[in-house]
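A.B. asks: Pasting input-v2.cif here (mmCIF, C-alpha atoms):
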```cif
data_start
loop_
_atom_site.label_atom_id
_atom_site.label_comp_id
_atom_site.auth_asym_id
_atom_site.auth_seq_id
_atom_site.Cartn_x
_atom_site.Cartn_y
_atom_site.Cartn_z
CA MET A 411 124.38 81.96 109.96
CA SER A 412 123.33 85.51 109.07
CA THR A 413 123.90 88.20 111.71
CA ASP A 414 121.85 90.85 109.89
CA PRO A 415 120.04 93.25 112.22
CA VAL A 416 116.30 92.55 112.22
CA LEU A 417 115.31 96.17 111.82
CA PHE A 418 111.59 95.43 111.87
CA ASP A 419 111.73 94.17 115.47
CA THR A 420 112.00 97.75 116.69
CA PHE A 421 108.62 98.81 115.21
CA ALA A 422 105.58 99.28 117.44
CA SER A 423 102.57 96.98 117.37
CA ALA A 424 99.68 98.18 115.21
CA ASP A 425 97.08 96.63 117.53
CA GLY A 426 94.17 98.97 118.10
CA CYS A 427 91.25 100.63 116.37
CA TRP A 428 92.35 102.76 113.43
CA HIS A 429 89.39 105.09 113.07
CA ASN A 430 88.43 108.19 111.09
CA LEU A 431 89.53 106.54 107.83
CA ARG A 432 88.14 106.32 104.31
CA LEU A 433 88.35 102.93 102.57
CA ALA A 434 89.53 102.72 98.95
CA PRO A 435 86.65 101.32 96.85
CA GLY A 436 87.00 97.73 95.72
CA LEU A 437 89.94 96.94 97.98
CA PHE A 438 88.24 95.92 101.21
CA GLU A 439 85.63 93.53 102.62
CA ALA A 440 83.64 95.18 105.39
CA GLY A 441 81.73 93.61 108.26
CA ALA A 442 78.91 96.11 107.69
CA PRO A 443 78.02 98.40 104.75
CA VAL A 444 80.30 101.43 104.34
CA GLU A 445 79.17 104.44 102.36
CA GLN A 446 81.80 105.89 100.06
CA ASP A 447 84.03 108.39 101.90
CA ALA A 448 82.12 107.78 105.14
CA PRO A 449 84.27 107.47 108.31
CA ALA A 450 85.39 103.88 108.77
CA CYS A 451 87.74 101.94 110.97
CA ILE A 452 90.13 99.01 110.85
CA ALA A 453 90.53 97.09 114.09
CA VAL A 454 93.79 95.16 114.58
CA ARG A 455 94.26 92.53 117.25
CA GLN A 456 97.42 90.42 117.67
CA GLY A 457 98.72 91.60 114.33
CA ARG A 458 95.63 90.59 112.36
CA ILE A 459 92.64 92.54 111.12
CA ALA A 460 89.71 91.88 113.45
CA TRP A 461 87.14 94.21 111.89
CA VAL A 462 86.66 96.54 108.92
CA GLY A 463 83.64 98.76 108.59
CA PRO A 464 81.89 101.91 109.81
CA HIS A 465 82.97 103.01 113.26
CA ALA A 466 79.36 103.06 114.45
CA SER A 467 79.16 99.31 113.86
CA LEU A 468 82.40 98.44 115.65
CA PRO A 469 81.87 95.16 117.59
CA ALA A 470 81.89 95.43 121.36
CA ASP A 471 84.93 93.19 121.67
CA CYS A 472 86.96 95.69 119.62
CA ALA A 473 85.69 98.84 121.30
CA GLY A 474 88.21 98.62 124.13
CA LEU A 475 91.26 98.54 121.87
CA PRO A 476 93.60 101.54 121.83
CA HIS A 477 92.53 104.14 119.29
CA HIS A 478 94.63 105.55 116.43
CA ASP A 479 93.18 108.61 114.69
CA GLY A 480 93.52 108.23 110.92
CA ARG A 481 92.57 111.88 110.41
CA GLY A 482 90.56 111.22 107.30
CA MET A 483 93.30 109.43 105.38
CA LEU A 484 92.53 106.93 102.62
CA ALA A 485 93.18 103.27 103.49
CA THR A 486 94.38 100.77 100.89
CA PRO A 487 95.86 97.32 101.27
CA GLY A 488 99.63 97.19 101.46
CA LEU A 489 101.11 97.38 97.97
CA VAL A 490 102.46 94.27 96.23
CA ASP A 491 105.42 94.43 93.83
CA CYS A 492 105.01 91.11 92.07
CA HIS A 493 107.94 91.12 89.59
CA THR A 494 111.43 92.32 90.53
CA HIS A 495 115.07 91.39 90.00
CA LEU A 496 116.14 93.30 93.10
CA VAL A 497 119.33 91.39 93.99
CA TYR A 498 122.25 91.93 91.59
CA GLY A 499 125.73 93.38 91.37
CA GLY A 500 126.71 96.60 89.63
CA GLN A 501 124.57 98.76 87.37
CA ARG A 502 124.12 99.30 83.62
CA ALA A 503 123.81 103.03 83.02
CA GLY A 504 126.20 102.70 80.07
CA GLU A 505 123.74 100.48 78.24
CA PHE A 506 121.02 103.04 78.83
CA ALA A 507 123.22 105.50 76.96
CA MET A 508 123.81 102.94 74.18
CA ARG A 509 120.10 102.49 73.64
CA LEU A 510 119.60 106.24 73.53
CA ALA A 511 122.28 106.34 70.82
CA GLY A 512 120.28 103.87 68.73
CA ALA A 513 121.28 100.34 69.82
CA SER A 514 118.43 97.88 70.22
CA TYR A 515 117.95 95.59 73.23
CA GLU A 516 119.05 92.65 71.09
CA GLU A 517 122.13 94.53 69.78
CA VAL A 518 123.19 95.37 73.33
CA ALA A 519 122.83 91.70 74.32
CA ARG A 520 124.81 90.46 71.34
CA ALA A 521 127.61 92.93 72.13
CA GLY A 522 128.14 91.24 75.51
CA GLY A 523 125.96 93.61 77.48
CA GLY A 524 122.49 93.05 78.76
CA ILE A 525 121.83 90.33 81.29
CA VAL A 526 125.29 88.80 80.91
CA SER A 527 126.99 92.00 82.12
CA SER A 528 124.95 91.82 85.32
CA VAL A 529 125.91 88.16 85.62
CA ARG A 530 129.58 89.11 85.70
CA ALA A 531 129.04 91.73 88.41
CA THR A 532 126.81 89.43 90.46
CA ARG A 533 129.27 86.55 90.33
CA GLU A 534 132.08 88.84 91.47
CA ALA A 535 130.12 90.13 94.49
CA THR A 536 129.95 88.33 97.81
CA GLU A 537 126.64 87.50 99.43
CA ASP A 538 127.16 90.27 101.98
CA GLU A 539 127.95 92.76 99.23
CA LEU A 540 124.78 91.83 97.36
CA PHE A 541 122.78 92.21 100.58
CA ALA A 542 124.28 95.65 101.22
CA GLN A 543 123.50 96.79 97.67
CA ALA A 544 119.93 95.49 97.69
CA LEU A 545 118.97 96.74 101.18
CA PRO A 546 118.51 100.42 100.24
CA ARG A 547 116.62 99.47 97.08
CA LEU A 548 114.13 97.42 99.04
CA SER A 549 113.90 100.07 101.76
CA GLN A 550 112.91 102.66 99.17
CA LEU A 551 110.10 100.46 97.87
CA LEU A 552 108.88 99.72 101.39
CA ASP A 553 108.79 103.42 102.28
CA GLU A 554 106.17 103.84 99.56
CA GLY A 555 103.87 101.17 101.02
CA VAL A 556 105.07 97.87 99.56
CA CYS A 557 104.23 95.03 101.95
CA ALA A 558 104.97 92.02 99.72
CA ILE A 559 107.51 91.61 96.96
CA GLU A 560 108.84 89.00 94.58
CA ILE A 561 112.62 88.76 94.11
CA LYS A 562 114.00 86.67 91.26
CA SER A 563 117.40 85.10 90.81
CA GLY A 564 118.79 84.90 87.28
CA TYR A 565 121.98 86.93 87.47
CA GLY A 566 124.08 84.04 88.78
CA LEU A 567 123.42 81.38 86.12
CA ALA A 568 125.44 78.86 88.12
CA LEU A 569 124.38 76.99 91.23
CA GLU A 570 126.57 78.80 93.75
CA HIS A 571 125.63 82.24 92.42
CA GLU A 572 121.91 81.57 92.03
CA ARG A 573 121.98 80.28 95.60
CA LYS A 574 123.72 83.48 96.68
CA GLN A 575 120.98 85.65 95.17
CA LEU A 576 118.15 83.63 96.69
CA ARG A 577 119.78 83.56 100.12
CA VAL A 578 120.05 87.36 100.00
CA ALA A 579 116.37 87.62 99.11
CA ARG A 580 115.45 85.55 102.16
CA ARG A 581 117.74 87.67 104.36
CA LEU A 582 116.12 90.87 103.13
CA GLY A 583 112.68 89.63 104.10
CA ARG A 584 113.81 88.76 107.61
CA ALA A 585 115.74 91.99 108.14
CA LEU A 586 112.99 94.35 107.00
CA GLY A 587 109.90 92.41 108.02
CA VAL A 588 108.39 92.12 104.57
CA THR A 589 106.83 89.17 102.75
CA VAL A 590 109.37 88.06 100.11
CA ARG A 591 108.53 85.47 97.48
CA THR A 592 111.60 84.06 95.77
CA THR A 593 111.56 82.96 92.15
CA PHE A 594 114.25 80.82 90.56
CA LEU A 595 115.07 82.29 87.15
CA GLY A 596 118.07 80.17 86.26
CA ALA A 597 116.78 80.12 82.66
CA HIS A 598 117.22 83.88 82.29
CA ALA A 599 120.09 83.93 79.81
CA LEU A 600 122.75 81.59 78.51
CA PRO A 601 125.93 81.96 80.59
CA PRO A 602 129.12 82.62 78.61
CA GLU A 603 130.63 79.25 79.48
CA TYR A 604 127.67 77.57 77.75
CA ALA A 605 127.84 79.58 74.52
CA GLY A 606 126.38 77.44 71.73
CA ARG A 607 125.24 74.77 74.22
CA SER A 608 121.81 75.94 75.26
CA GLN A 609 120.43 72.44 75.77
CA ASP A 610 123.33 71.46 78.00
CA TYR A 611 122.65 74.47 80.20
CA ILE A 612 118.91 73.76 80.46
CA ASP A 613 119.73 70.16 81.38
CA ARG A 614 121.85 71.47 84.25
CA VAL A 615 119.15 73.92 85.35
CA CYS A 616 116.64 71.08 85.54
CA SER A 617 118.76 68.25 86.92
CA GLU A 618 121.10 70.08 89.29
CA MET A 619 120.35 73.72 90.05
CA LEU A 620 116.60 73.70 90.63
CA PRO A 621 116.45 70.48 92.70
CA ALA A 622 119.32 71.63 94.94
CA LEU A 623 117.87 75.10 95.56
CA ALA A 624 114.38 73.75 96.13
CA ALA A 625 115.74 71.24 98.65
CA GLU A 626 117.32 74.15 100.54
CA GLY A 627 113.96 75.93 100.78
CA LEU A 628 115.08 78.83 98.63
CA VAL A 629 112.52 78.60 95.81
CA ASP A 630 108.85 79.63 95.93
CA ALA A 631 108.27 79.63 92.15
CA VAL A 632 110.09 79.05 88.86
CA ASP A 633 110.37 81.44 85.93
CA VAL A 634 111.87 81.34 82.41
CA PHE A 635 112.71 84.02 79.85
CA CYS A 636 111.08 82.57 76.74
CA GLU A 637 112.24 84.68 73.80
CA ARG A 638 114.34 84.63 70.63
CA ILE A 639 117.37 85.94 72.53
CA ALA A 640 116.78 83.60 75.47
CA PHE A 641 115.11 80.16 75.58
CA SER A 642 112.82 78.27 73.23
CA LEU A 643 109.37 76.87 73.91
CA ALA A 644 110.81 73.36 74.19
CA GLU A 645 113.47 74.47 76.67
CA THR A 646 110.87 76.42 78.63
CA GLU A 647 108.63 73.38 78.87
CA GLN A 648 111.54 71.28 80.10
CA VAL A 649 112.02 73.72 83.00
CA PHE A 650 108.29 73.74 83.72
CA GLN A 651 108.28 69.94 83.86
CA ALA A 652 111.16 70.00 86.35
CA ALA A 653 109.25 72.53 88.49
CA HIS A 654 106.11 70.39 88.29
CA ARG A 655 108.01 67.34 89.56
CA LEU A 656 109.09 69.38 92.59
CA GLY A 657 105.61 70.77 93.24
CA LEU A 658 106.62 74.35 92.45
CA PRO A 659 104.37 76.86 90.65
CA VAL A 660 105.61 78.49 87.46
CA LYS A 661 105.45 81.87 85.78
CA LEU A 662 106.90 83.23 82.56
CA HIS A 663 108.61 86.19 80.94
CA ALA A 664 106.28 85.92 77.95
CA GLU A 665 105.77 87.67 74.63
CA GLN A 666 107.92 90.71 75.46
CA LEU A 667 109.77 91.09 72.15
CA SER A 668 107.82 88.72 69.91
CA ASN A 669 104.93 86.27 70.05
CA MET A 670 106.43 82.90 70.99
CA GLU A 671 103.07 81.60 72.31
CA GLY A 672 104.82 81.14 75.63
CA ALA A 673 101.77 82.34 77.55
CA ALA A 674 99.67 79.50 76.18
CA LEU A 675 102.37 77.03 77.22
CA ALA A 676 102.61 78.57 80.69
CA ALA A 677 98.85 78.42 81.07
CA ARG A 678 98.90 74.68 80.38
CA TYR A 679 101.11 74.38 83.46
CA GLY A 680 98.77 76.53 85.55
CA ALA A 681 101.12 79.51 85.63
CA LEU A 682 100.63 82.05 88.39
CA SER A 683 101.37 84.80 85.88
CA CYS A 684 102.64 85.72 82.44
CA ASP A 685 104.69 88.90 82.51
CA HIS A 686 105.48 91.66 79.97
CA ILE A 687 103.07 90.23 77.31
CA GLU A 688 103.32 93.15 74.84
CA HIS A 689 102.95 90.68 71.94
CA LEU A 690 100.38 88.41 73.61
CA SER A 691 97.99 86.75 71.14
CA GLN A 692 94.28 86.10 71.54
CA GLN A 693 95.15 82.41 71.89
CA GLY A 694 97.40 83.29 74.81
CA ILE A 695 94.70 85.44 76.39
CA GLU A 696 92.15 82.64 76.21
CA ALA A 697 94.62 80.16 77.67
CA MET A 698 95.44 82.52 80.54
CA ARG A 699 91.76 83.06 81.28
CA GLY A 700 91.19 79.34 81.44
CA ALA A 701 94.15 78.80 83.76
CA GLY A 702 93.45 81.79 86.00
CA SER A 703 96.88 83.24 85.21
CA VAL A 704 97.51 86.92 85.96
CA ALA A 705 98.79 89.26 83.25
CA VAL A 706 101.63 91.26 84.82
CA LEU A 707 102.16 94.61 83.12
CA LEU A 708 105.62 96.17 83.32
CA PRO A 709 105.45 99.74 82.04
CA GLY A 710 108.94 100.56 83.33
CA ALA A 711 110.59 98.22 80.86
CA PHE A 712 108.23 99.37 78.09
CA TYR A 713 109.28 102.95 78.80
CA ALA A 714 113.01 102.30 79.17
CA LEU A 715 113.15 100.29 75.95
CA ARG A 716 111.10 102.95 74.15
CA ASP A 717 108.75 100.23 73.02
CA THR A 718 105.72 101.14 70.92
CA HIS A 719 103.88 97.79 70.85
CA LEU A 720 101.26 98.06 73.58
CA PRO A 721 100.02 95.05 75.55
CA PRO A 722 96.50 94.01 74.46
CA ILE A 723 94.78 95.72 77.38
CA ALA A 724 91.30 95.89 75.85
CA ALA A 725 91.36 92.19 74.97
CA LEU A 726 92.60 91.24 78.44
CA ARG A 727 89.88 93.38 79.99
CA ALA A 728 87.21 91.86 77.76
CA ALA A 729 88.37 88.35 78.66
CA GLY A 730 88.36 89.09 82.38
CA VAL A 731 92.06 88.30 82.82
CA PRO A 732 93.31 90.01 86.00
CA MET A 733 96.03 92.57 85.34
CA ALA A 734 98.79 93.27 87.85
CA VAL A 735 101.32 96.10 87.66
CA SER A 736 104.90 95.86 88.89
CA THR A 737 108.19 97.75 88.83
CA ASP A 738 110.21 94.97 87.16
CA HIS A 739 113.10 96.55 89.04
CA ASN A 740 116.30 95.46 87.31
CA PRO A 741 119.58 97.13 86.38
CA GLY A 742 119.15 97.00 82.62
CA THR A 743 115.65 97.85 81.50
CA SER A 744 113.67 99.11 84.50
CA PRO A 745 115.84 100.63 87.26
CA CYS A 746 112.67 101.89 88.94
CA LEU A 747 112.02 102.04 92.68
CA SER A 748 108.47 103.43 92.76
CA LEU A 749 105.43 101.20 92.39
CA LEU A 750 103.15 104.25 92.43
CA LEU A 751 105.02 105.61 89.42
CA MET A 752 104.37 102.31 87.65
CA ALA A 753 100.67 102.62 88.46
CA SER A 754 100.66 106.09 86.92
CA MET A 755 102.52 104.87 83.84
CA ALA A 756 100.16 101.91 83.49
CA CYS A 757 97.33 104.45 83.28
CA THR A 758 99.00 106.88 80.90
CA LEU A 759 100.95 104.46 78.68
CA PHE A 760 98.72 101.37 78.76
CA ARG A 761 95.34 103.10 79.34
CA LEU A 762 94.38 101.33 82.53
CA THR A 763 91.68 102.97 84.60
CA VAL A 764 92.59 104.12 88.10
CA PRO A 765 90.66 101.25 89.75
CA GLU A 766 92.45 98.78 87.45
CA ALA A 767 95.84 100.25 88.31
CA LEU A 768 95.18 100.19 92.05
CA ALA A 769 93.94 96.61 91.87
CA GLY A 770 97.09 95.88 89.86
CA ILE A 771 99.41 96.94 92.66
CA THR A 772 97.33 95.30 95.42
CA ARG A 773 94.79 92.55 94.81
CA HIS A 774 96.00 91.26 91.46
CA GLY A 775 99.66 91.67 92.39
CA ALA A 776 99.02 89.39 95.36
CA GLN A 777 97.28 86.85 93.12
CA ALA A 778 100.30 86.84 90.79
CA LEU A 779 102.37 85.61 93.75
CA GLY A 780 99.82 83.14 95.10
CA LEU A 781 99.34 85.44 98.11
CA GLN A 782 95.72 86.40 97.53
CA HIS A 783 94.64 85.04 100.92
CA GLU A 784 97.18 87.10 102.87
CA HIS A 785 97.79 90.28 100.87
CA GLY A 786 96.04 92.66 98.51
CA LEU A 787 92.74 93.15 100.36
CA ILE A 788 91.70 94.68 103.68
CA ALA A 789 89.50 92.06 105.30
CA ALA A 790 88.91 90.55 108.71
CA GLY A 791 91.04 87.52 109.53
CA ARG A 792 93.98 88.57 107.38
CA PRO A 793 97.39 89.77 108.58
CA ALA A 794 97.43 93.54 109.04
CA HIS A 795 99.02 94.98 105.89
CA PHE A 796 97.59 98.38 104.98
CA VAL A 797 98.60 101.92 104.07
CA LEU A 798 96.98 105.21 105.03
CA TRP A 799 97.43 107.94 102.42
CA PRO A 800 96.97 111.70 102.97
CA VAL A 801 95.01 112.18 99.75
CA GLY A 802 91.52 113.35 98.97
CA GLN A 803 90.69 110.59 96.50
CA ALA A 804 92.12 107.30 95.30
CA ALA A 805 92.91 108.73 91.86
CA GLU A 806 95.65 110.86 93.42
CA LEU A 807 97.77 107.74 93.97
CA ALA A 808 98.18 107.50 90.19
CA TYR A 809 97.77 111.21 89.44
CA TRP A 810 100.78 112.52 91.39
CA PHE A 811 103.99 111.11 89.96
CA GLY A 812 107.49 111.89 91.13
CA SER A 813 106.33 112.51 94.70
CA ARG A 814 106.29 110.20 97.70
CA PRO A 815 103.16 110.61 99.83
CA ASP A 816 103.69 110.98 103.57
CA CYS A 817 101.86 107.76 104.35
CA THR A 818 101.36 105.54 107.39
CA ILE A 819 102.34 101.93 106.75
CA VAL A 820 101.20 98.91 108.76
CA ARG A 821 103.13 95.82 107.70
CA GLN A 822 102.99 92.39 109.32
CA GLY A 823 100.92 93.84 112.15
CA ARG A 824 103.43 96.56 113.05
CA ILE A 825 103.67 100.26 112.36
CA ALA A 826 106.50 100.42 109.85
CA ARG A 827 106.04 104.11 109.16
CA MET A 828 103.90 106.82 110.71
CA SER A 829 102.76 109.80 108.65
CA ARG A 830 103.01 113.27 110.11
CA HIS A 831 99.29 113.50 109.37
CA GLY A 832 98.64 110.60 111.75
CA ARG A 833 100.71 111.77 114.69
CA ASP A 834 99.18 113.34 117.76
#
```
So, in terms of structure tokens, how does the structure I just supplied come out?

C.D. replies:
Amino acid sequence: MSTDPVLFDTFASADGCWHNLRLAPGLFEAGAPVEQDAPACIAVRQGRIAWVGPHASLPADCAGLPHHDGRGMLATPGLVDCHTHLVYGGQRAGEFAMRLAGASYEEVARAGGGIVSSVRATREATEDELFAQALPRLSQLLDEGVCAIEIKSGYGLALEHERKQLRVARRLGRALGVTVRTTFLGAHALPPEYAGRSQDYIDRVCSEMLPALAAEGLVDAVDVFCERIAFSLAETEQVFQAAHRLGLPVKLHAEQLSNMEGAALAARYGALSCDHIEHLSQQGIEAMRGAGSVAVLLPGAFYALRDTHLPPIAALRAAGVPMAVSTDHNPGTSPCLSLLLMASMACTLFRLTVPEALAGITRHGAQALGLQHEHGLIAAGRPAHFVLWPVGQAAELAYWFGSRPDCTIVRQGRIARMSRHGRD
């Protein structure tokens, strides 16, 4: 049994009336009309939001709660990082240098680098070592306002090592008091011992690895890397069928390097999300719209790979497909630990508007994890997950990049961080 310290237990309750706030447009549901930039309040009782709206309309049963002066800060929902590979061994700075010298992503992979190099390091590390390496990464994301996060496996590629990654993800959530959604990504790459035997490996993923890990309560969703250098459409569908038999939702690394029409396949299985999607076709967009799948944009990988093929943002917008934004934190192609930086890059590189980017790291990020009823929106009845930012307008959250705002963070009904601006 884990003996990790539960660091979050030391944080103070957030119960009370958080007043003198401004509410970020489009990211709250108020109990009474709130004029833009007018003073508002968020009442928290027993760790849940009891009221959101103008202070003058505060219900009588909330008026007696302790008061916390927000000092004019901007309130948003807690941030949601909906696509990460946070648990792994080692790092891959050398491959970064190779790519800068001209090697392509595919050339790095064929030379024995890429995902397989992280597999070696992850297999060599103990569970405790992986936990110790991942803890500061997650802490850095949380300090910037992340309140829910997805953590994928996929660097073990064998039952014992995939289990090790997923167990660490669960431990991280307990230790730091953050909502963690685990995703089994056993079909991430072909392990060396299965070279030339892709079908044999997928058979093992479906018949042994996934059922065992699901039975242990370690899997919240199932993902596949569907690409020329990874797994085919037929192999992807085999994994989706195995997930369906176990009642697990699916998602997909789709259309990153080429158009495999993986998004359309994923949509037929009701995928929570299709991620990367630089080469997404109109057929894929229509299928995603019909299935309610979220398009997860990953500008960190786009930037690190020096890609030039933009995701079809205008077509996604026209179709009404929700767009989330995530760090895609991983050691090879997006070693990023700032979700706000990704929001900024989604605006500058992908041409999202500021409201789209902020919805992407809150409301739509939550939807991509199936957490839309608990995260991503400030509304009465929900758990208290919100962030108070010392900024004049919401656009500053995407405008300033390379800085970390001195924010107040309420996570799981507790004060996880208190800004200097909010202290008496």

A.B. asks: To one decimal place, how far is CA of Ala625 in chain A from CA of Val590 in chain A in Å?

C.D. replies: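 Atom-to-atom, CA of Ala625 in chain A to CA of Val590 in chain A, that is 18.0 Å.
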
A.B. asks: Rounded to one decimal in Å, what is the spacing between CA of His663 in chain A and CA of Phe635 in chain A?

C.D. replies: 4.8 Å

A.B. asks: Between A:His689, A:His654, A:His783, A:Arg584, which is the closest to Cys616 in chain A once you count only C-alpha atoms?

C.D. replies: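 The closest residue to Cys616 in chain A is A:His654.
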
A.B. asks: Select, from A:Ala652, A:Ala631, A:Ala674, A:Leu582, the residue with the minimum atom-to-atom distance to His493 in chain A, counting only C-alpha atoms.

C.D. replies: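 Counting only C-alpha atoms, the residue closest to His493 in chain A is A:Ala631.
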
A.B. asks: Applied to this file, what does the PyMOL selection byres ((chain A and resi 788) around 12) return in terms of residues, put as a ChimeraX atom specification?

C.D. replies: /A:433-441,451-454,458-463,485-489,772-773,782-787,789-798,820

A.B. asks: Hey, what comes out of the PyMOL selection byres ((chain A and resi 551) around 10) on this file? Could you write it as number ranges by chain?

C.D. replies: A: 489-491, 546-550, 552-557, 559, 737, 746-750

A.B. asks: Evaluated on this file, the PyMOL selection byres ((chain A and resi 570) around 12) picks out some residues - which ones are they, written as a PyMOL selection string?

C.D. replies: chain A and resi 532-537+563-569+571-577+596+618-620+622-623

A.B. asks: Just want the 12 Å neighbourhood of Ile695 in chain A, counted on all atoms listed in the file, with same-chain residues fewer than 3 positions away dropped. Output as an NGL selection string.

C.D. replies: :A and (664-665 or 671-677 or 683-684 or 687-692 or 698-705 or 721-733)

A.B. asks: Those selected residues, please, written with C-alpha atoms and delivered as a PDB file, in the frame of the given file.

C.D. replies:
```pdb
ATOM      1  CA  ALA A 664     106.280  85.920  77.950  1.00  0.00           C
ATOM      2  CA  GLU A 665     105.770  87.670  74.630  1.00  0.00           C
ATOM      3  CA  GLU A 671     103.070  81.600  72.310  1.00  0.00           C
ATOM      4  CA  GLY A 672     104.820  81.140  75.630  1.00  0.00           C
ATOM      5  CA  ALA A 673     101.770  82.340  77.550  1.00  0.00           C
ATOM      6  CA  ALA A 674      99.670  79.500  76.180  1.00  0.00           C
ATOM      7  CA  LEU A 675     102.370  77.030  77.220  1.00  0.00           C
ATOM      8  CA  ALA A 676     102.610  78.570  80.690  1.00  0.00           C
ATOM      9  CA  ALA A 677      98.850  78.420  81.070  1.00  0.00           C
ATOM     10  CA  SER A 683     101.370  84.800  85.880  1.00  0.00           C
ATOM     11  CA  CYS A 684     102.640  85.720  82.440  1.00  0.00           C
ATOM     12  CA  ILE A 687     103.070  90.230  77.310  1.00  0.00           C
ATOM     13  CA  GLU A 688     103.320  93.150  74.840  1.00  0.00           C
ATOM     14  CA  HIS A 689     102.950  90.680  71.940  1.00  0.00           C
ATOM     15  CA  LEU A 690     100.380  88.410  73.610  1.00  0.00           C
ATOM     16  CA  SER A 691      97.990  86.750  71.140  1.00  0.00           C
ATOM     17  CA  GLN A 692      94.280  86.100  71.540  1.00  0.00           C
ATOM     18  CA  MET A 698      95.440  82.520  80.540  1.00  0.00           C
ATOM     19  CA  ARG A 699      91.760  83.060  81.280  1.00  0.00           C
ATOM     20  CA  GLY A 700      91.190  79.340  81.440  1.00  0.00           C
ATOM     21  CA  ALA A 701      94.150  78.800  83.760  1.00  0.00           C
ATOM     22  CA  GLY A 702      93.450  81.790  86.000  1.00  0.00           C
ATOM     23  CA  SER A 703      96.880  83.240  85.210  1.00  0.00           C
ATOM     24  CA  VAL A 704      97.510  86.920  85.960  1.00  0.00           C
ATOM     25  CA  ALA A 705      98.790  89.260  83.250  1.00  0.00           C
ATOM     26  CA  PRO A 721     100.020  95.050  75.550  1.00  0.00           C
ATOM     27  CA  PRO A 722      96.500  94.010  74.460  1.00  0.00           C
ATOM     28  CA  ILE A 723      94.780  95.720  77.380  1.00  0.00           C
ATOM     29  CA  ALA A 724      91.300  95.890  75.850  1.00  0.00           C
ATOM     30  CA  ALA A 725      91.360  92.190  74.970  1.00  0.00           C
ATOM     31  CA  LEU A 726      92.600  91.240  78.440  1.00  0.00           C
ATOM     32  CA  ARG A 727      89.880  93.380  79.990  1.00  0.00           C
ATOM     33  CA  ALA A 728      87.210  91.860  77.760  1.00  0.00           C
ATOM     34  CA  ALA A 729      88.370  88.350  78.660  1.00  0.00           C
ATOM     35  CA  GLY A 730      88.360  89.090  82.380  1.00  0.00           C
ATOM     36  CA  VAL A 731      92.060  88.300  82.820  1.00  0.00           C
ATOM     37  CA  PRO A 732      93.310  90.010  86.000  1.00  0.00           C
ATOM     38  CA  MET A 733      96.030  92.570  85.340  1.00  0.00           C
TER      39      MET A 733
END
```

A.B. asks: If we count all atoms listed in the file, what is near Met483 in chain A at a cut-off of 7 Å, once residues fewer than 3 positions away on the same chain are taken out, given as a list in words?

C.D. replies: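 Using all atoms listed in the file, the neighbours found are Leu431, Arg432, Gly480, Leu798, Trp799, Pro800 and Val801 of chain A.
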
A.B. asks: Mind checking which residues fall within 7 Å of Thr592 in chain A, counting only C-alpha atoms, ignoring those fewer than 4 positions away in the same chain, and posting them as a list in words?

C.D. replies: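 The residues satisfying every condition are Glu560, Ile561, Lys562, Leu576, Ala579, Leu628, Val629, Asp630 and Ala631 of chain A.
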
A.B. asks: Go ahead and write the residues just picked, C-alpha atoms, as a PDB file, in the frame of the given file.

C.D. replies:
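Wrote result26.pdb, looks like this:
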```
ATOM      1  CA  GLU A 560     108.840  89.000  94.580  1.00  0.00           C
ATOM      2  CA  ILE A 561     112.620  88.760  94.110  1.00  0.00           C
ATOM      3  CA  LYS A 562     114.000  86.670  91.260  1.00  0.00           C
ATOM      4  CA  LEU A 576     118.150  83.630  96.690  1.00  0.00           C
ATOM      5  CA  ALA A 579     116.370  87.620  99.110  1.00  0.00           C
ATOM      6  CA  LEU A 628     115.080  78.830  98.630  1.00  0.00           C
ATOM      7  CA  VAL A 629     112.520  78.600  95.810  1.00  0.00           C
ATOM      8  CA  ASP A 630     108.850  79.630  95.930  1.00  0.00           C
ATOM      9  CA  ALA A 631     108.270  79.630  92.150  1.00  0.00           C
TER      10      ALA A 631
END
```

A.B. asks: Between A:Pro709, A:Gly823, A:Gly499, A:Pro659, which one has atoms that come closest to Gln543 in chain A, using all atoms listed in the file?

C.D. replies: A:Gly499

A.B. asks: To one decimal in Å, tell me the separation between CA of Leu779 in chain A and CA of Gly742 in chain A.

C.D. replies: 23.1 Å

A.B. asks: Could you pull the residues within 12 Å of Thr763 in chain A, counting only C-alpha atoms, minus those fewer than 2 positions along the same chain, as a PyMOL selection string?

C.D. replies: chain A and resi 723-724+727+733+753-761+765-770+804-805+808-809

A.B. asks: Could you take the residues named above and write them with C-alpha atoms, as a short mmCIF file (atom, residue, chain, number, x, y, z; two decimals), keeping the file's coordinate frame?

C.D. replies:
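The file below, result_15.cif, is the result:
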```cif
data_model
loop_
_atom_site.label_atom_id
_atom_site.label_comp_id
_atom_site.auth_asym_id
_atom_site.auth_seq_id
_atom_site.Cartn_x
_atom_site.Cartn_y
_atom_site.Cartn_z
CA ILE A 723 94.78 95.72 77.38
CA ALA A 724 91.30 95.89 75.85
CA ARG A 727 89.88 93.38 79.99
CA MET A 733 96.03 92.57 85.34
CA ALA A 753 100.67 102.62 88.46
CA SER A 754 100.66 106.09 86.92
CA MET A 755 102.52 104.87 83.84
CA ALA A 756 100.16 101.91 83.49
CA CYS A 757 97.33 104.45 83.28
CA THR A 758 99.00 106.88 80.90
CA LEU A 759 100.95 104.46 78.68
CA PHE A 760 98.72 101.37 78.76
CA ARG A 761 95.34 103.10 79.34
CA PRO A 765 90.66 101.25 89.75
CA GLU A 766 92.45 98.78 87.45
CA ALA A 767 95.84 100.25 88.31
CA LEU A 768 95.18 100.19 92.05
CA ALA A 769 93.94 96.61 91.87
CA GLY A 770 97.09 95.88 89.86
CA ALA A 804 92.12 107.30 95.30
CA ALA A 805 92.91 108.73 91.86
CA ALA A 808 98.18 107.50 90.19
CA TYR A 809 97.77 111.21 89.44
#
```
